[in-house]
file data.txt (compact mmCIF, C-alpha atoms)
# COMPACT_ATOMS: atom_id res chain seq x y z
CA MET A 196 33.29 4.47 179.41
CA GLN A 197 33.25 0.69 179.15
CA ARG A 198 29.46 0.76 179.36
CA MET A 199 29.31 3.24 176.46
CA THR A 200 31.65 1.13 174.31
CA ARG A 201 29.58 -1.97 175.02
CA GLU A 202 26.38 -0.17 174.14
CA ARG A 203 27.90 1.15 170.91
CA GLY A 204 28.96 -2.38 169.94
CA TYR A 205 25.51 -3.70 170.78
CA ARG A 206 23.86 -1.09 168.59
CA ALA A 207 26.26 -1.76 165.71
CA LEU A 208 25.74 -5.52 165.93
CA CYS A 209 21.95 -5.16 166.08
CA GLY A 210 22.04 -2.74 163.15
CA VAL A 211 24.14 -5.03 160.94
CA LEU A 212 22.14 -8.13 161.88
CA GLY A 213 18.83 -6.31 161.40
CA GLY A 214 19.86 -5.00 157.98
CA LEU A 215 21.03 -8.42 156.81
CA LEU A 216 17.86 -10.08 158.06
CA ILE A 217 15.64 -7.56 156.29
CA VAL A 218 17.51 -7.90 152.98
CA THR A 219 17.50 -11.71 153.22
CA GLY A 220 13.86 -11.72 154.27
CA PHE A 221 12.74 -9.62 151.32
CA ALA A 222 14.79 -11.80 148.95
CA MET A 223 13.12 -14.97 150.30
CA PHE A 224 9.70 -13.36 150.28
CA GLY A 225 10.22 -12.22 146.69
CA GLY A 226 11.45 -15.72 145.79
CA PHE A 227 8.01 -17.12 146.55
CA PHE A 228 6.37 -14.74 144.08
CA GLY A 229 9.14 -15.21 141.53
CA TYR A 230 8.58 -18.97 141.60
CA HIS A 231 4.98 -18.50 140.47
CA VAL A 232 5.81 -16.29 137.50
CA PRO A 233 5.09 -18.44 134.40
CA GLY A 234 8.28 -19.69 132.79
CA SER A 235 10.49 -18.63 135.70
CA ASP A 236 13.43 -20.74 136.84
CA SER A 237 13.99 -20.65 140.60
CA PRO A 238 17.60 -20.82 141.83
CA ILE A 239 16.39 -22.74 144.89
CA PRO A 240 16.09 -26.51 144.20
CA THR A 241 12.73 -27.00 145.89
CA GLY A 242 9.07 -27.27 144.96
CA PRO A 243 5.83 -25.49 145.86
CA VAL A 244 5.92 -26.48 149.54
CA GLY A 245 9.54 -25.39 149.90
CA HIS A 246 8.85 -22.02 148.28
CA TYR A 247 5.79 -21.53 150.48
CA MET A 248 7.91 -22.12 153.59
CA MET A 249 10.60 -19.85 152.17
CA GLY A 250 8.15 -16.98 151.61
CA PHE A 251 6.74 -17.30 155.13
CA ALA A 252 10.23 -17.48 156.66
CA GLY A 253 11.15 -14.37 154.64
CA ALA A 254 8.23 -12.44 156.14
CA ALA A 255 9.31 -13.52 159.64
CA LEU A 256 12.90 -12.45 158.94
CA VAL A 257 11.74 -8.98 157.89
CA ALA A 258 9.84 -8.65 161.20
CA TRP A 259 12.84 -9.92 163.19
CA GLY A 260 15.16 -7.51 161.40
CA GLY A 261 12.77 -4.64 162.08
CA CYS A 262 12.88 -5.40 165.81
CA LEU A 263 16.69 -5.33 165.74
CA ILE A 264 16.72 -2.02 163.88
CA GLY A 265 14.47 -0.66 166.64
CA VAL A 266 17.13 -1.67 169.19
CA VAL A 267 19.64 0.58 167.42
CA ARG A 268 17.54 3.58 168.37
CA ARG A 269 16.93 2.62 172.01
CA PRO A 270 19.34 -0.16 172.98
CA ARG A 271 18.54 -0.25 176.71
CA TRP A 272 14.87 -0.79 176.00
CA GLY A 273 15.64 -3.54 173.51
CA ARG A 274 17.60 -5.89 175.76
CA SER A 275 15.02 -8.66 175.42
CA VAL A 276 15.16 -8.38 171.61
CA GLY A 277 18.89 -9.11 171.75
CA THR A 278 18.37 -12.07 174.08
CA ALA A 279 15.57 -13.49 171.94
CA SER A 280 17.75 -12.99 168.85
CA ALA A 281 20.59 -14.89 170.55
CA VAL A 282 18.19 -17.80 171.12
CA GLY A 283 17.10 -17.66 167.48
CA LEU A 284 20.68 -17.59 166.25
CA PHE A 285 21.56 -20.54 168.52
CA MET A 286 18.67 -22.53 167.01
CA ALA A 287 19.73 -21.56 163.47
CA GLY A 288 23.31 -22.62 164.21
CA LEU A 289 22.19 -25.95 165.68
CA MET A 290 20.01 -26.60 162.62
CA ARG A 291 22.93 -26.00 160.27
CA ILE A 292 25.19 -28.36 162.20
CA VAL A 293 22.59 -31.12 161.99
CA ALA A 294 22.15 -30.37 158.27
CA TRP A 295 25.91 -30.68 157.77
CA ILE A 296 25.91 -34.03 159.57
CA VAL A 297 22.91 -35.46 157.69
CA GLY A 298 24.72 -35.08 154.39
CA ASP A 299 21.96 -34.33 151.87
CA TYR A 300 22.29 -30.60 152.54
CA HIS A 301 26.06 -30.88 152.53
CA VAL A 302 25.90 -31.88 148.87
CA MET A 303 24.12 -28.62 148.03
CA ALA A 304 25.68 -26.16 150.49
CA GLY A 305 29.04 -27.72 151.39
CA GLU A 306 31.06 -26.05 154.12
CA ALA A 307 28.83 -22.94 153.94
CA LEU A 308 26.63 -24.66 156.53
CA ARG A 309 29.44 -24.87 159.07
CA ILE A 310 30.68 -21.35 158.32
CA GLU A 311 27.16 -20.00 158.83
CA ALA A 312 26.85 -21.92 162.10
CA VAL A 313 30.09 -20.37 163.38
CA LEU A 314 28.92 -16.87 162.39
CA PHE A 315 25.48 -17.33 163.98
CA LEU A 316 26.85 -18.73 167.24
CA SER A 317 29.50 -16.01 167.45
CA ALA A 318 26.83 -13.36 166.92
CA ALA A 319 24.70 -15.00 169.64
CA LEU A 320 27.62 -14.85 172.09
CA ALA A 321 28.26 -11.21 171.18
CA LEU A 322 24.59 -10.31 171.71
CA ILE A 323 24.69 -11.87 175.18
CA TRP A 324 27.90 -10.17 176.30
CA LEU A 325 27.32 -6.76 174.70
CA ARG A 326 23.82 -6.47 176.12
CA PRO A 327 23.62 -3.10 177.87
CA ALA A 328 22.86 -2.92 181.57
CA LEU A 329 19.63 -1.40 182.77
CA PRO A 330 19.98 2.25 183.80
CA ASP A 331 20.37 2.65 187.59
CA ASP A 332 17.40 4.96 187.86
CA ILE A 333 14.94 2.81 185.92
CA ILE A 334 11.72 1.83 187.67
CA GLU A 335 10.49 -1.55 186.51
CA PRO A 336 6.74 -2.20 186.79
CA ASP A 337 5.58 -5.20 188.77
CA ASP A 338 3.47 -8.05 187.40
CA VAL A 339 0.31 -5.97 187.12
CA GLY A 340 2.02 -3.07 185.40
CA GLN A 341 2.17 -0.84 188.48
CA ALA A 342 5.35 0.95 189.45
CA PRO A 343 6.50 -0.16 192.94
CA ALA A 344 5.79 2.14 195.80
CA PRO A 345 8.81 4.24 196.81
CA MET B 240 23.71 -16.66 185.87
CA MET B 241 21.55 -16.89 182.73
CA ARG B 242 24.27 -15.11 180.79
CA TRP B 243 26.84 -17.73 181.80
CA THR B 244 24.49 -20.64 181.16
CA GLY B 245 23.71 -19.37 177.68
CA SER B 246 27.35 -18.69 176.96
CA VAL B 247 28.42 -22.19 177.98
CA MET B 248 25.72 -23.76 175.76
CA ILE B 249 26.62 -21.60 172.76
CA GLY B 250 30.35 -22.03 173.40
CA LEU B 251 30.09 -25.81 173.48
CA LEU B 252 28.10 -25.86 170.24
CA LEU B 253 30.59 -23.46 168.66
CA LEU B 254 33.49 -25.69 169.69
CA PHE B 255 31.68 -28.75 168.32
CA THR B 256 31.10 -26.91 165.02
CA LEU B 257 34.77 -26.08 164.69
CA VAL B 258 36.02 -29.63 165.35
CA LEU B 259 33.16 -31.36 163.49
CA PRO B 260 35.13 -32.44 160.38
CA TRP B 261 37.67 -34.25 162.55
CA THR B 262 35.15 -36.12 164.69
CA GLY B 263 33.86 -38.57 162.07
CA VAL B 264 30.29 -37.72 163.12
CA GLY B 265 27.69 -37.96 160.40
CA ARG B 266 25.98 -40.43 158.13
CA ARG B 267 27.80 -39.30 155.04
CA GLY B 268 31.06 -40.49 156.56
CA THR B 269 34.51 -39.56 155.43
CA ASP B 270 35.71 -39.70 151.83
CA GLY B 271 37.76 -42.79 152.65
CA GLU B 272 34.74 -44.65 154.01
CA VAL B 273 32.66 -43.79 150.94
CA ARG B 274 35.39 -44.99 148.60
CA SER B 275 35.77 -48.24 150.51
CA ASP B 276 32.00 -48.81 150.14
CA ILE B 277 32.30 -48.34 146.39
CA ASP B 278 35.12 -50.87 146.23
CA GLY B 279 32.92 -53.34 148.12
CA ALA B 280 30.06 -52.84 145.70
CA VAL B 281 32.30 -53.31 142.69
CA GLY B 282 33.56 -56.56 144.20
CA ARG B 283 29.99 -57.94 144.14
CA LEU B 284 29.47 -57.49 140.42
CA GLY B 285 28.29 -60.74 138.85
CA GLU B 286 26.77 -62.07 142.05
CA THR B 287 23.03 -62.78 142.38
CA LEU B 288 21.01 -60.12 144.21
CA PRO B 289 19.06 -61.20 147.27
CA PRO B 290 15.22 -61.40 146.92
CA ILE B 291 13.74 -57.88 146.74
CA GLU B 292 10.04 -57.00 146.90
CA LEU B 293 8.92 -53.39 146.30
CA LEU B 294 5.74 -51.52 145.35
CA ASP B 295 5.51 -50.18 141.80
CA LEU B 296 4.02 -46.78 140.88
CA ASP B 297 0.51 -48.31 140.94
CA GLY B 298 1.04 -49.73 144.41
CA GLU B 299 1.26 -53.30 143.14
CA PRO B 300 3.97 -55.55 144.59
CA LEU B 301 6.95 -56.09 142.32
CA ARG B 302 9.38 -58.93 143.02
CA LEU B 303 12.85 -59.03 141.55
CA GLU B 304 12.21 -62.72 140.86
CA ASP B 305 9.44 -61.72 138.38
CA LEU B 306 12.09 -60.01 136.25
CA ARG B 307 14.31 -63.08 136.01
CA GLY B 308 15.63 -63.53 132.48
CA GLN B 309 15.16 -59.88 131.58
CA ARG B 310 17.73 -57.09 131.59
CA VAL B 311 17.19 -54.96 134.74
CA LEU B 312 18.65 -51.55 135.44
CA LEU B 313 18.47 -50.78 139.16
CA THR B 314 19.02 -47.13 140.11
CA PHE B 315 18.69 -45.26 143.37
CA GLU B 316 17.78 -41.60 143.56
CA ARG B 317 16.30 -39.16 146.01
CA SER B 318 14.13 -36.32 144.82
CA VAL B 319 14.75 -32.87 146.30
CA ASP B 320 11.50 -31.55 144.82
CA TRP B 321 9.43 -31.73 147.99
call {"tool": "encode", "arguments": {"input": "data.txt", "output": "structure tokens"}}
result
Amino acid sequence: MQRMTRERGYRALCGVLGGLLIVTGFAMFGGFFGYHVPGSDSPIPTGPVGHYMMGFAGAALVAWGGCLIGVVRRPRWGRSVGTASAVGLFMAGLMRIVAWIVGDYHVMAGEALRIEAVLFLSAALALIWLRPALPDDIIEPDDVGQAPAP
Amino acid sequence: MMRWTGSVMIGLLLLFTLVLPWTGVGRRGTDGEVRSDIDGAVGRLGETLPPIELLDLDGEPLRLEDLRGQRVLLTFERSVDW
């Protein structure tokens, strides 16, 4: 029962995170193209290099979100996606804390940096602790891809 | 084991994030420190600046001493258009 509840929470968390990442990723990806429309006014205070990085990061976010959506369908086979996502969220949280401390970003984003860091780190903790256990009857292949002899 | 190690790392960073405003960490400092800096700068109005040598937009050296006798407006800014 507890295992089922944990798995349900894991799927819900992966689904929400995946959806948010895909929406954000497409927005950032579209921002790169929007910046190059003649006469456009970008809401992001950065130049060509910043928009290039933003478009690339958006494409990566869409891929990351897609992996998390895949976990919703088969959570036990997506345990490593959750772990890798926890690492990514930890890095994103750490980056925001440093940005808050440096000060230049604080002028633009204010306390949103710290709030985002708390959300990211909380999500990372949840991904670690909600991660479903492997099924008892699973047979894991060895290093060369062969199932172990019975 | 890995689960606990990761949790401790994330938990410590989360705790640091929550108490960050009360730690005084950061270059921007607290509001009080910034205001005290402004007061110090205002107190130096009328004093002579120390010798300054910079490069102009053409890469040529520019000394503050070369501008003696002229009105000089000194501003500091940082572009975010990178």
call {"tool": "atom_distance", "arguments": {"input": "data.txt", "atom1": "atom CA of Val313 of chain A", "atom2": "atom CA of Leu329 of chain A"}}
result
29.1 Å
call {"tool": "closest_residue", "arguments": {"input": "data.txt", "among": "A:Leu325, A:Gly225, A:Glu306, A:Val297", "to": "Leu257 of chain B", "atoms": "all atoms listed in the file"}}
result
A:Glu306
call {"tool": "residues_around", "arguments": {"input": "data.txt", "residues": "segment 229-232 of chain A", "least_positions_apart": "5", "cutoff": "12 Å", "atoms": "all atoms listed in the file", "output": "PyMOL selection string"}}
result
chain A and resi 221-224+237-247+249-250
call {"tool": "atom_distance", "arguments": {"input": "data.txt", "atom1": "atom CA of Leu251 of chain B", "atom2": "atom CA of Trp295 of chain A"}}
result
17.0 Å
call {"tool": "atom_distance", "arguments": {"input": "data.txt", "atom1": "atom CA of Gly245 of chain B", "atom2": "atom CA of Val266 of chain A"}}
result
20.7 Å
call {"tool": "closest_residue", "arguments": {"input": "data.txt", "among": "A:Met199, A:Ala328, A:Met248, A:Ala258", "to": "Val218 of chain A", "atoms": "all atoms listed in the file"}}
result
A:Ala258
call {"tool": "closest_residue", "arguments": {"input": "data.txt", "among": "A:Ala312, A:Leu322, A:Cys209, A:Cys262", "to": "chain B", "atoms": "all atoms listed in the file"}}
result
A:Ala312
call {"tool": "interface_residues", "arguments": {"input": "data.txt", "of": "chain A", "to": "chain B", "cutoff": "10 Å", "atoms": "all atoms listed in the file", "output": "PyMOL selection string"}}
result
chain A and resi 240-246+278+281-282+284-286+288-289+291-299+301-302+306+308-310+312-317+319-321+323-324+326
call {"tool": "residues_near_point", "arguments": {"input": "data.txt", "point": "(21.1, -8.8, 158.5)", "cutoff": "12 Å", "atoms": "all atoms listed in the file", "output": "PDB file with C-alpha atoms, in the frame of the given file"}}
result
ATOM      1  CA  ALA A 207      26.260  -1.760 165.710  1.00  0.00           C
ATOM      2  CA  LEU A 208      25.740  -5.520 165.930  1.00  0.00           C
ATOM      3  CA  CYS A 209      21.950  -5.160 166.080  1.00  0.00           C
ATOM      4  CA  GLY A 210      22.040  -2.740 163.150  1.00  0.00           C
ATOM      5  CA  VAL A 211      24.140  -5.030 160.940  1.00  0.00           C
ATOM      6  CA  LEU A 212      22.140  -8.130 161.880  1.00  0.00           C
ATOM      7  CA  GLY A 213      18.830  -6.310 161.400  1.00  0.00           C
ATOM      8  CA  GLY A 214      19.860  -5.000 157.980  1.00  0.00           C
ATOM      9  CA  LEU A 215      21.030  -8.420 156.810  1.00  0.00           C
ATOM     10  CA  LEU A 216      17.860 -10.080 158.060  1.00  0.00           C
ATOM     11  CA  ILE A 217      15.640  -7.560 156.290  1.00  0.00           C
ATOM     12  CA  VAL A 218      17.510  -7.900 152.980  1.00  0.00           C
ATOM     13  CA  THR A 219      17.500 -11.710 153.220  1.00  0.00           C
ATOM     14  CA  GLY A 220      13.860 -11.720 154.270  1.00  0.00           C
ATOM     15  CA  PHE A 221      12.740  -9.620 151.320  1.00  0.00           C
ATOM     16  CA  ALA A 222      14.790 -11.800 148.950  1.00  0.00           C
ATOM     17  CA  LEU A 256      12.900 -12.450 158.940  1.00  0.00           C
ATOM     18  CA  VAL A 257      11.740  -8.980 157.890  1.00  0.00           C
ATOM     19  CA  ALA A 258       9.840  -8.650 161.200  1.00  0.00           C
ATOM     20  CA  TRP A 259      12.840  -9.920 163.190  1.00  0.00           C
ATOM     21  CA  GLY A 260      15.160  -7.510 161.400  1.00  0.00           C
ATOM     22  CA  GLY A 261      12.770  -4.640 162.080  1.00  0.00           C
ATOM     23  CA  CYS A 262      12.880  -5.400 165.810  1.00  0.00           C
ATOM     24  CA  LEU A 263      16.690  -5.330 165.740  1.00  0.00           C
ATOM     25  CA  ILE A 264      16.720  -2.020 163.880  1.00  0.00           C
ATOM     26  CA  SER A 280      17.750 -12.990 168.850  1.00  0.00           C
ATOM     27  CA  LEU A 284      20.680 -17.590 166.250  1.00  0.00           C
ATOM     28  CA  LEU A 314      28.920 -16.870 162.390  1.00  0.00           C
ATOM     29  CA  PHE A 315      25.480 -17.330 163.980  1.00  0.00           C
ATOM     30  CA  ALA A 318      26.830 -13.360 166.920  1.00  0.00           C
TER      31      ALA A 318
END
